[in-house]
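A short worksheet on the structure shown next.
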Amino acid sequence: MEAVTKRPRLSEGVSIVDTRLSVHSLPLELLQRVVELLPLASVASCARACPEWRGVVWSLRVSLDLSAFAAIMTDELLRSVVHQCPALRRLSLKGCTRVTDKGFECLSQLTSLHRLKLNATWIANDGLTAVA
């Protein structure tokens with residue numbers, strides 16, 4: 001038979017301590033490292049937790065591989081990603097054939113972008129010119 005731990009009552013002198021941390025109380029470097037280590041699905045879950053987290057987790061993301069979402073990636077979705085992740089330095093759009101040159105134009109807003117993978121996309125001269 002398993003022992004059951006009795007939960008202390010407040011009347012027994014146990015105080016409840018608020019252990020919640022504001023996302024802004026953590027060092028930026030720590031937050032950025034945590035966000036980078038999380039799988040994309042976990043980042044999305046964190047972003048849904050509350051408005052404060054939504055703004056922080058996406059804005060800190062510096063590397064993003066969207067090749068797993070190639071089948072659904074569109075111009076509109078790419079614009080949303082660029083808007084939500086302005087600090088991106090590395091981005092993979094490998095296989096994102098539904099993104100047009102018009103969609104690639106928004107990448108020029110990523111001023112910190114250093115590495116861009118466009119393998120197996122339909123980007124043409126106009127799209128490359130806009131990205132450059």
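Following the order of the structure tokens, first chain is A, next is B, and so on, with residues numbered from 1 inside each chain and ligands from 1 in the order they appear.
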
Report as a PyMOL selection string all protein, DNA and RNA residues lying within 10 Å of A:Arg61, evaluated on only C-alpha atoms, omitting residues in the same chain fewer than 3 positions from it. chain A and resi 31-38+40+43+56-58+64+84-90

From a DSSP calculation on the backbone, collect every residue of chain A in strand (DSSP E or B) and output the set as an mmCIF file with C-alpha atoms, in the first residue's frame.
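The new file result.cif reads:
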data_model
loop_
_atom_site.group_PDB
_atom_site.id
_atom_site.type_symbol
_atom_site.label_atom_id
_atom_site.label_comp_id
_atom_site.auth_asym_id
_atom_site.auth_seq_id
_atom_site.Cartn_x
_atom_site.Cartn_y
_atom_site.Cartn_z
ATOM 1 C CA SER A 63 16.737 30.477 -35.713
ATOM 2 C CA LEU A 64 13.778 28.882 -37.421
ATOM 3 C CA ASP A 65 13.453 25.870 -39.717
ATOM 4 C CA ARG A 90 18.837 31.928 -39.549
ATOM 5 C CA LEU A 91 15.814 30.817 -41.542
ATOM 6 C CA SER A 92 15.157 27.696 -43.586
ATOM 7 C CA ARG A 115 21.659 32.533 -43.253
ATOM 8 C CA LEU A 116 18.731 31.762 -45.518
ATOM 9 C CA LYS A 117 18.013 28.322 -46.979
#

Please identify the helix (DSSP H, G or I) residues within chain A (assignment by DSSP from backbone atoms) and present them as a PyMOL selection string. chain A and resi 10-12+23-25+28-37+40-49+51-60+67-69+75-84+101-109+125-131

Tell me which of A:Leu107, A:Ala120, A:Thr97, A:Ala68 sits closest to A:Val81, counting only C-alpha atoms. A:Leu107

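If only C-alpha atoms are the atoms counted, then among A:Glu29, A:Asp75, A:His83, A:Phe69 the closest residue to A:Gly55 is A:His83.
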